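Undergrad: What follows is structure_21.cif; its format and atoms are mmCIF, C-alpha atoms.
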```
data_structure
loop_
_atom_site.label_atom_id
_atom_site.label_comp_id
_atom_site.auth_asym_id
_atom_site.auth_seq_id
_atom_site.Cartn_x
_atom_site.Cartn_y
_atom_site.Cartn_z
CA MET A 1 86.91 129.11 -152.67
CA THR A 2 86.80 126.24 -155.17
CA SER A 3 86.21 127.35 -158.76
CA SER A 4 83.32 125.00 -159.56
CA PRO A 5 79.99 124.71 -157.71
CA ILE A 6 79.41 121.65 -155.57
CA PHE A 7 75.62 121.94 -155.22
CA GLU A 8 72.66 123.40 -157.06
CA VAL A 9 69.72 124.30 -154.83
CA VAL A 10 66.62 122.52 -156.16
CA ALA A 11 64.39 123.51 -153.21
CA PRO A 12 65.53 125.71 -150.27
CA GLY A 13 62.88 124.71 -147.75
CA MET A 14 61.21 127.22 -145.44
CA LEU A 15 64.43 129.02 -144.45
CA THR A 16 67.97 127.93 -145.21
CA THR A 17 70.92 130.18 -144.40
CA LEU A 18 74.69 130.02 -144.35
CA GLN A 19 76.08 130.22 -140.80
CA ASP A 20 79.49 130.07 -139.16
CA GLN A 21 80.33 130.70 -135.49
CA GLY A 22 78.92 134.21 -135.73
CA ARG A 23 79.82 137.89 -135.95
CA TRP A 24 81.08 138.45 -132.41
CA GLY A 25 82.70 141.62 -131.08
CA HIS A 26 80.57 144.13 -132.97
CA GLN A 27 77.57 144.50 -130.68
CA HIS A 28 78.66 148.06 -129.82
CA LEU A 29 77.79 148.89 -133.43
CA GLY A 30 74.30 147.41 -133.04
CA ILE A 31 75.22 144.25 -134.99
CA SER A 32 73.86 141.04 -133.51
CA PRO A 33 76.19 138.01 -133.32
CA CYS A 34 74.04 135.74 -135.50
CA GLY A 35 75.51 132.24 -136.02
CA PRO A 36 73.73 128.89 -135.56
CA MET A 37 70.70 128.52 -133.33
CA ASP A 38 71.81 125.07 -132.15
CA THR A 39 75.55 125.52 -131.67
CA HIS A 40 75.95 121.93 -130.48
CA ALA A 41 74.45 120.34 -133.59
CA ALA A 42 76.29 122.75 -135.89
CA ALA A 43 79.62 121.94 -134.23
CA TRP A 44 78.96 118.21 -134.58
CA SER A 45 78.28 118.54 -138.32
CA ASN A 46 81.78 119.96 -138.75
CA ARG A 47 83.38 117.50 -136.35
CA LEU A 48 82.01 114.56 -138.32
CA LEU A 49 83.87 115.85 -141.38
CA GLU A 50 87.03 116.88 -139.49
CA ASN A 51 86.41 120.51 -140.53
CA PRO A 52 87.71 123.49 -138.53
CA GLY A 53 85.21 124.72 -135.97
CA ASP A 54 84.57 127.93 -137.92
CA ALA A 55 83.71 126.19 -141.23
CA PRO A 56 80.40 127.59 -142.55
CA VAL A 57 77.42 125.22 -142.63
CA LEU A 58 73.86 125.37 -143.90
CA GLU A 59 71.17 125.89 -141.26
CA ILE A 60 67.77 124.56 -142.37
CA ALA A 61 64.51 125.39 -140.57
CA GLN A 62 61.92 122.59 -140.51
CA GLY A 63 63.57 120.55 -143.29
CA GLY A 64 62.45 120.62 -146.91
CA LEU A 65 65.91 121.22 -148.42
CA ARG A 66 66.79 119.57 -151.75
CA LEU A 67 70.28 119.82 -153.27
CA LYS A 68 71.81 118.37 -156.44
CA ALA A 69 75.48 117.40 -156.19
CA ARG A 70 77.75 118.70 -158.95
CA THR A 71 80.78 116.70 -157.79
CA ALA A 72 81.67 113.81 -155.53
CA LEU A 73 81.83 114.96 -151.92
CA TRP A 74 81.22 114.05 -148.30
CA VAL A 75 78.52 115.73 -146.22
CA ALA A 76 77.14 115.46 -142.69
CA VAL A 77 73.66 116.25 -141.35
CA THR A 78 72.85 116.85 -137.68
CA GLY A 79 70.12 118.49 -135.61
CA ALA A 80 66.36 118.07 -136.09
CA GLU A 81 64.98 114.62 -136.81
CA VAL A 82 64.31 114.52 -140.56
CA ALA A 83 64.12 111.76 -143.15
CA LEU A 84 67.06 111.86 -145.57
CA SER A 85 67.04 110.34 -149.05
CA VAL A 86 69.66 110.22 -151.78
CA LEU A 87 68.15 110.05 -155.26
CA ALA A 88 69.95 108.92 -158.41
CA GLU A 89 69.68 110.97 -161.61
CA ASP A 90 66.68 108.87 -162.68
CA GLY A 91 64.86 109.80 -159.45
CA GLN A 92 65.23 106.42 -157.76
CA CYS A 93 66.13 106.37 -154.07
CA VAL A 94 69.52 104.70 -153.76
CA ARG A 95 70.06 105.10 -150.00
CA GLN A 96 68.62 106.71 -146.88
CA PRO A 97 71.35 108.08 -144.61
CA GLU A 98 70.74 108.79 -140.95
CA VAL A 99 70.82 112.18 -139.29
CA TRP A 100 73.89 112.68 -137.07
CA SER A 101 76.08 110.92 -139.63
CA ARG A 102 78.44 111.63 -142.53
CA PHE A 103 78.02 110.07 -145.94
CA PRO A 104 79.14 110.49 -149.57
CA LEU A 105 77.29 111.94 -152.55
CA LEU A 106 78.10 111.29 -156.20
CA PRO A 107 77.80 113.76 -159.09
CA GLY A 108 74.17 114.09 -160.21
CA GLU A 109 72.71 112.65 -157.01
CA GLN A 110 70.16 114.67 -155.06
CA LEU A 111 70.03 114.94 -151.30
CA VAL A 112 66.41 115.31 -150.17
CA MET A 113 65.51 116.36 -146.63
CA GLY A 114 61.96 115.66 -145.48
CA PRO A 115 60.00 117.82 -143.00
CA ALA A 116 61.25 117.88 -139.42
CA ARG A 117 59.47 115.32 -137.25
CA HIS A 118 61.14 116.53 -134.06
CA GLY A 119 63.08 119.70 -133.46
CA VAL A 120 63.42 122.75 -135.70
CA TRP A 121 66.97 123.33 -136.97
CA SER A 122 69.07 120.99 -139.12
CA TYR A 123 72.71 121.49 -140.09
CA LEU A 124 74.39 120.36 -143.27
CA ALA A 125 78.18 120.53 -143.50
CA VAL A 126 80.41 119.70 -146.44
CA ALA A 127 84.02 118.54 -146.22
CA GLY A 128 86.07 121.72 -146.56
CA GLY A 129 83.22 124.01 -145.48
CA PHE A 130 80.80 126.09 -147.56
CA ALA A 131 82.02 129.34 -149.11
CA GLY A 132 80.32 132.70 -148.53
CA GLN A 133 80.99 136.42 -148.52
CA ASN A 134 82.85 137.51 -145.41
CA VAL A 135 81.28 140.69 -144.03
CA ILE A 136 82.57 142.13 -140.74
CA ASP A 137 84.58 139.04 -139.81
CA SER A 138 81.91 136.44 -140.61
CA VAL A 139 79.87 134.88 -143.42
CA ALA A 140 76.93 134.30 -141.04
CA THR A 141 73.65 135.29 -142.69
CA GLN A 142 71.72 138.07 -140.94
CA THR A 143 68.62 138.68 -143.04
CA ARG A 144 67.36 141.61 -140.92
CA GLU A 145 70.61 143.55 -141.12
CA GLY A 146 71.51 142.41 -144.64
CA LEU A 147 74.87 140.87 -143.78
CA GLY A 148 76.72 137.73 -144.84
CA GLY A 149 75.49 134.73 -146.78
CA LEU A 150 76.39 133.79 -150.33
CA ASP A 151 76.34 137.36 -151.66
CA GLY A 152 77.25 139.32 -148.53
CA LYS A 153 73.80 140.96 -148.44
CA GLY A 154 72.10 138.65 -145.99
CA HIS A 155 69.92 136.75 -148.44
CA ALA A 156 68.63 133.31 -147.51
CA ILE A 157 69.46 130.39 -149.78
CA ALA A 158 67.12 130.39 -152.81
CA ARG A 159 66.14 127.95 -155.55
CA GLY A 160 68.72 127.88 -158.31
CA ASP A 161 71.59 129.11 -156.11
CA GLN A 162 74.97 127.54 -156.80
CA LEU A 163 76.87 126.56 -153.65
CA TYR A 164 80.66 126.45 -153.44
CA ARG A 165 83.08 125.24 -150.80
CA ARG A 166 85.94 127.24 -149.42
CA ALA A 167 88.51 124.42 -149.52
CA LEU A 168 88.79 120.94 -151.01
CA GLY A 169 87.81 118.20 -148.61
CA PRO A 170 89.08 114.62 -148.53
CA SER A 171 88.00 112.45 -151.45
CA PHE A 172 87.58 109.35 -149.29
CA MET A 173 86.37 108.87 -145.74
CA ARG A 174 84.64 106.15 -143.81
CA GLY A 175 81.05 106.49 -142.70
CA ALA A 176 80.70 107.76 -139.14
CA GLN A 177 77.97 108.75 -136.72
CA THR A 178 77.66 110.95 -133.66
CA PRO A 179 77.50 108.74 -130.54
CA ALA A 180 73.96 108.52 -129.14
CA ALA A 181 74.98 110.22 -125.88
CA TYR A 182 75.76 113.45 -127.78
CA ARG A 183 72.57 113.62 -129.83
CA THR A 184 69.53 115.71 -128.99
CA GLU A 185 66.90 113.85 -126.95
CA TRP A 186 63.43 114.37 -128.39
CA ASP A 187 61.37 112.52 -125.75
CA VAL A 188 62.03 115.05 -122.95
CA SER A 189 58.58 116.27 -121.87
CA VAL A 190 59.91 119.24 -119.86
CA LEU A 191 63.29 120.67 -120.86
CA ARG A 192 65.49 121.78 -117.95
CA VAL A 193 67.22 125.06 -118.79
CA ARG A 194 69.98 126.35 -116.52
CA PHE A 195 70.46 130.08 -116.01
CA THR A 196 72.59 132.41 -113.94
CA PRO A 197 71.28 135.64 -112.35
CA ALA A 198 71.57 138.82 -114.40
CA HIS A 199 71.64 142.56 -113.68
CA ASP A 200 68.03 142.89 -112.49
CA TYR A 201 67.73 139.59 -110.61
CA ARG A 202 67.62 141.26 -107.19
CA ARG A 203 65.12 143.87 -108.35
CA PHE A 204 62.50 141.14 -108.71
CA ASN A 205 60.33 140.17 -105.76
CA ALA A 206 61.69 136.97 -104.18
CA ASP A 207 58.31 135.26 -104.61
CA ASP A 208 58.32 136.08 -108.31
CA VAL A 209 61.83 134.68 -108.73
CA GLN A 210 60.74 131.45 -107.05
CA ARG A 211 57.61 131.36 -109.21
CA PHE A 212 59.79 131.76 -112.29
CA ILE A 213 61.85 128.74 -111.20
CA ASP A 214 58.92 126.57 -110.08
CA ALA A 215 56.68 127.22 -113.09
CA GLU A 216 56.40 125.11 -116.20
CA TRP A 217 56.65 127.54 -119.09
CA GLN A 218 55.71 126.68 -122.63
CA LEU A 219 56.95 128.13 -125.88
CA SER A 220 54.53 130.45 -127.62
CA THR A 221 54.05 130.69 -131.36
CA LEU A 222 56.10 133.93 -131.24
CA CYS A 223 59.48 132.24 -131.66
CA SER A 224 62.14 133.15 -134.21
CA ARG A 225 65.88 133.51 -134.61
CA MET A 226 65.55 136.78 -132.66
CA GLY A 227 63.95 135.34 -129.54
CA TYR A 228 61.78 132.60 -127.99
CA ARG A 229 58.80 133.89 -126.03
CA LEU A 230 57.39 131.77 -123.21
CA GLU A 231 53.92 131.60 -121.70
CA GLY A 232 52.69 130.44 -118.31
CA GLU A 233 49.68 130.22 -116.05
CA GLN A 234 50.67 133.24 -113.97
CA PRO A 235 52.67 136.25 -115.17
CA LEU A 236 55.48 137.71 -113.10
CA GLN A 237 55.42 141.15 -111.51
CA ALA A 238 58.45 142.62 -113.24
CA PRO A 239 60.19 145.69 -111.81
CA PRO A 240 59.78 148.92 -113.77
CA THR A 241 61.59 149.22 -117.08
CA ARG A 242 64.78 151.22 -116.58
CA ARG A 243 65.31 154.63 -118.11
CA TRP A 244 68.42 153.54 -120.04
CA SER A 245 68.79 150.32 -122.01
CA LEU A 246 71.49 147.75 -121.28
CA GLY A 247 73.65 145.76 -123.66
CA VAL A 248 72.25 142.25 -124.15
CA LEU A 249 73.45 139.03 -125.78
CA PRO A 250 71.91 135.75 -126.93
CA GLY A 251 70.67 133.90 -123.85
CA ALA A 252 69.38 137.00 -122.06
CA ILE A 253 66.10 136.35 -120.20
CA GLN A 254 64.02 139.50 -120.42
CA ILE A 255 60.60 139.93 -118.80
CA VAL A 256 58.21 141.80 -121.07
CA PRO A 257 55.55 144.19 -119.66
CA GLU A 258 52.91 141.43 -119.72
CA GLY A 259 55.03 139.50 -117.21
CA TYR A 260 56.30 136.69 -119.43
CA PRO A 261 59.89 135.74 -120.27
CA ILE A 262 61.55 136.03 -123.66
CA VAL A 263 64.94 134.41 -124.28
CA LEU A 264 67.06 136.23 -126.84
CA MET A 265 68.47 133.95 -129.52
CA ALA A 266 71.15 134.20 -132.22
CA ASP A 267 69.71 137.23 -134.04
CA GLY A 268 68.58 139.06 -130.91
CA GLN A 269 69.02 142.81 -130.57
CA THR A 270 72.11 144.24 -128.88
CA MET A 271 70.35 146.67 -126.48
CA GLY A 272 67.29 146.14 -124.32
CA GLY A 273 65.26 148.04 -121.74
CA TYR A 274 63.10 145.22 -120.37
CA PRO A 275 64.11 143.91 -116.92
CA LEU A 276 66.88 141.33 -117.27
CA LEU A 277 66.32 138.35 -114.98
CA GLY A 278 69.07 135.98 -116.07
CA TRP A 279 71.36 134.48 -118.69
CA VAL A 280 70.68 131.02 -120.13
CA HIS A 281 73.54 128.52 -120.12
CA PRO A 282 74.82 128.51 -123.76
CA LEU A 283 74.63 124.72 -124.07
CA ASP A 284 71.04 124.79 -122.83
CA ARG A 285 70.20 127.61 -125.25
CA ALA A 286 71.16 125.18 -128.04
CA ARG A 287 68.67 122.66 -126.63
CA LEU A 288 66.02 125.34 -126.19
CA ALA A 289 66.43 126.30 -129.86
CA GLN A 290 65.14 122.86 -130.89
CA ARG A 291 61.90 123.14 -128.89
CA ARG A 292 58.63 123.85 -130.68
CA PRO A 293 55.60 125.97 -129.73
CA HIS A 294 53.64 124.55 -126.77
CA GLN A 295 56.54 122.38 -125.58
CA LYS A 296 57.46 122.91 -121.93
CA VAL A 297 60.50 124.37 -120.20
CA ARG A 298 61.60 124.76 -116.56
CA PHE A 299 64.44 126.93 -115.34
CA GLU A 300 67.01 126.13 -112.67
CA LEU A 301 69.86 128.19 -111.26
CA CYS A 302 73.51 127.55 -112.04
CA THR A 303 76.71 129.51 -111.45
CA VAL A 304 78.97 131.45 -113.77
CA GLN A 305 81.68 128.91 -112.93
CA ASP A 306 79.41 126.10 -114.18
CA ILE A 307 78.98 127.89 -117.49
CA GLN A 308 82.67 128.64 -117.87
CA GLN A 309 83.72 125.07 -117.15
CA ASP A 310 81.11 123.55 -119.48
CA ALA A 311 81.92 125.98 -122.31
CA ALA A 312 85.66 125.35 -121.97
CA ARG A 313 85.11 121.58 -121.98
CA ALA A 314 82.95 121.83 -125.11
CA ALA A 315 85.49 124.07 -126.86
CA ARG A 316 88.26 121.54 -126.17
CA PHE A 317 86.08 118.68 -127.39
CA PHE A 318 85.29 120.44 -130.67
CA SER A 319 88.93 121.49 -131.16
CA GLY A 320 88.46 125.22 -131.35
CA ALA A 321 84.71 125.50 -131.94
CA VAL A 322 83.52 128.22 -129.56
CA LEU A 323 80.06 127.52 -128.12
CA ARG A 324 78.85 130.94 -126.97
#
```
So that I can check it, write out the structure of this file as structure tokens.
TA:
Amino acid sequence: MTSSPIFEVVAPGMLTTLQDQGRWGHQHLGISPCGPMDTHAAAWSNRLLENPGDAPVLEIAQGGLRLKARTALWVAVTGAEVALSVLAEDGQCVRQPEVWSRFPLLPGEQLVMGPARHGVWSYLAVAGGFAGQNVIDSVATQTREGLGGLDGKGHAIARGDQLYRRALGPSFMRGAQTPAAYRTEWDVSVLRVRFTPAHDYRRFNADDVQRFIDAEWQLSTLCSRMGYRLEGEQPLQAPPTRRWSLGVLPGAIQIVPEGYPIVLMADGQTMGGYPLLGWVHPLDRARLAQRRPHQKVRFELCTVQDIQQDAARAARFFSGAVLR
């Protein structure tokens, strides 16, 4: 970790946390993986700065972040569509960078992130990666379980916090942007989400499975880092809840007793007793994470081989970033 802070937090926004690729391999202890909600956008923020795939980044919910630079450095912002402004020490706006790009900051300048116009989660990376307290193989912030983050106790970023980086980044780079083909599309009226059958798929009535696939579901207001709950015109007739719970992971599609799906997200629990219909493709879970309440989703079947090939291709593209 560098000895001097690189940022002072002027305003943390609604929820800003430190995230790396996550705390994988400890679910048998009841510890959720955590990590970024939109793994694609988070990986791109590091790629723009030529950081390792596991470099910690800031995840910002709904914008509103304001940071004051303590040194000259390069940063990148990806994810939700927000207005970015760089203010000089006298408060004057000196430039307005674009999301999905990297750009420099000078000492004393403030980076101001407006409210999210589209999407939910933004990612801010710094050349060299942010520093945090490694707890159980990760600095990922898990507020519910009190793990990771700046202090190792799972606290979200707060006003007045001093942010450090774990390694010095390059002092000079050229401006760069993520190609348009790799950015999130905000004008999709109904998001297509691929899934593969899970343990209880064949326990569901065939008509209910087809109804699940044919229906247009919409996100409810009950969405968080733990899970995204969906609503529809007609609930499913789920099979009885099993006597013993099963291990679950982010992307699990559970059907709650009311007959509606809930997709587990980054902070989801590690055991579940609700019927398990399927597993969401990890790249589509990243897209789902950026949807807002009342936006629509449709599900379509894919194979395990599809998921494996896509995940391997993404891992190669991001040079070691694992998109789970």
Undergrad: Ranking A:Arg291, A:Arg225, A:Lys296, A:Lys153 by minimum distance to Leu264 of chain A and counting all atoms listed in the file, which one comes first?
TA: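 Smallest separation from Leu264 of chain A among the options: A:Arg225.
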Undergrad: For segment 141-150 of chain A, please output as an mmCIF file with C-alpha atoms, in the frame of the given file all residues within 8 Å (counting all atoms listed in the file; exclusion window: fewer than 2 positions along the same chain).
TA:
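That gives us around_10.cif:
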```
data_model
loop_
_atom_site.group_PDB
_atom_site.id
_atom_site.type_symbol
_atom_site.label_atom_id
_atom_site.label_comp_id
_atom_site.auth_asym_id
_atom_site.auth_seq_id
_atom_site.Cartn_x
_atom_site.Cartn_y
_atom_site.Cartn_z
ATOM 1 C CA THR A 17 70.920 130.180 -144.400
ATOM 2 C CA LEU A 18 74.690 130.020 -144.350
ATOM 3 C CA GLN A 19 76.080 130.220 -140.800
ATOM 4 C CA ILE A 31 75.220 144.250 -134.990
ATOM 5 C CA CYS A 34 74.040 135.740 -135.500
ATOM 6 C CA GLY A 35 75.510 132.240 -136.020
ATOM 7 C CA ALA A 131 82.020 129.340 -149.110
ATOM 8 C CA GLY A 132 80.320 132.700 -148.530
ATOM 9 C CA GLN A 133 80.990 136.420 -148.520
ATOM 10 C CA ASN A 134 82.850 137.510 -145.410
ATOM 11 C CA VAL A 135 81.280 140.690 -144.030
ATOM 12 C CA SER A 138 81.910 136.440 -140.610
ATOM 13 C CA VAL A 139 79.870 134.880 -143.420
ATOM 14 C CA GLY A 152 77.250 139.320 -148.530
ATOM 15 C CA LYS A 153 73.800 140.960 -148.440
ATOM 16 C CA GLY A 154 72.100 138.650 -145.990
ATOM 17 C CA HIS A 155 69.920 136.750 -148.440
ATOM 18 C CA ALA A 156 68.630 133.310 -147.510
ATOM 19 C CA ILE A 157 69.460 130.390 -149.780
ATOM 20 C CA LEU A 163 76.870 126.560 -153.650
ATOM 21 C CA ASP A 267 69.710 137.230 -134.040
#
```
Undergrad: Rounded to one decimal place, report the atom CA of Pro52 of chain A-atom CA of Ala315 of chain A distance in Å.
TA: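 According to the coordinates, atom CA of Pro52 of chain A and atom CA of Ala315 of chain A are separated by 11.9 Å.
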Undergrad: Evaluate the PyMOL selection byres ((chain A and resi 298) around 7) on the structure here and hand back the selected residues as a compact mmCIF listing (two decimals) with C-alpha atoms, in the frame of the given file.
TA:
```txt
# COMPACT_ATOMS: atom_id res chain seq x y z
CA VAL A 190 59.91 119.24 -119.86
CA LEU A 191 63.29 120.67 -120.86
CA ARG A 192 65.49 121.78 -117.95
CA VAL A 193 67.22 125.06 -118.79
CA ILE A 213 61.85 128.74 -111.20
CA ALA A 215 56.68 127.22 -113.09
CA GLU A 216 56.40 125.11 -116.20
CA TRP A 217 56.65 127.54 -119.09
CA VAL A 297 60.50 124.37 -120.20
CA PHE A 299 64.44 126.93 -115.34
CA GLU A 300 67.01 126.13 -112.67
```
Undergrad: Return as a PDB file with C-alpha atoms, in the coordinates of the input the set of residues that the PyMOL selection byres ((chain A and resi 248) around 6) yields on the displayed structure.
TA:
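Done, and the output landed in result-v8.pdb:
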```pdb
ATOM      1  CA  GLY A 247      73.650 145.760-123.660  1.00  0.00           C
ATOM      2  CA  LEU A 249      73.450 139.030-125.780  1.00  0.00           C
ATOM      3  CA  THR A 270      72.110 144.240-128.880  1.00  0.00           C
ATOM      4  CA  MET A 271      70.350 146.670-126.480  1.00  0.00           C
TER       5      MET A 271
END
```
Undergrad: If we count only C-alpha atoms, what is near Leu246 of chain A at a cut-off of 12 Å, once residues fewer than 3 positions away on the same chain are taken out, given as a count of residues only?
TA: 19
Undergrad: Using all atoms listed in the file, can you tell me which of A:Gln62, A:Ser45, A:Thr39, A:Ser319 comes closest to Thr178 of chain A?
TA: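 Comparing A:Gln62, A:Ser45, A:Thr39, A:Ser319 against Thr178 of chain A, the winner is A:Ser45.
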Undergrad: Which residue out of A:Pro33, A:Gly64, A:Pro282, A:Gly79 has the minimum interatomic distance to Arg194 of chain A when all atoms listed in the file are used?
TA: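 Nearest candidate to Arg194 of chain A out of A:Pro33, A:Gly64, A:Pro282, A:Gly79: A:Pro282.
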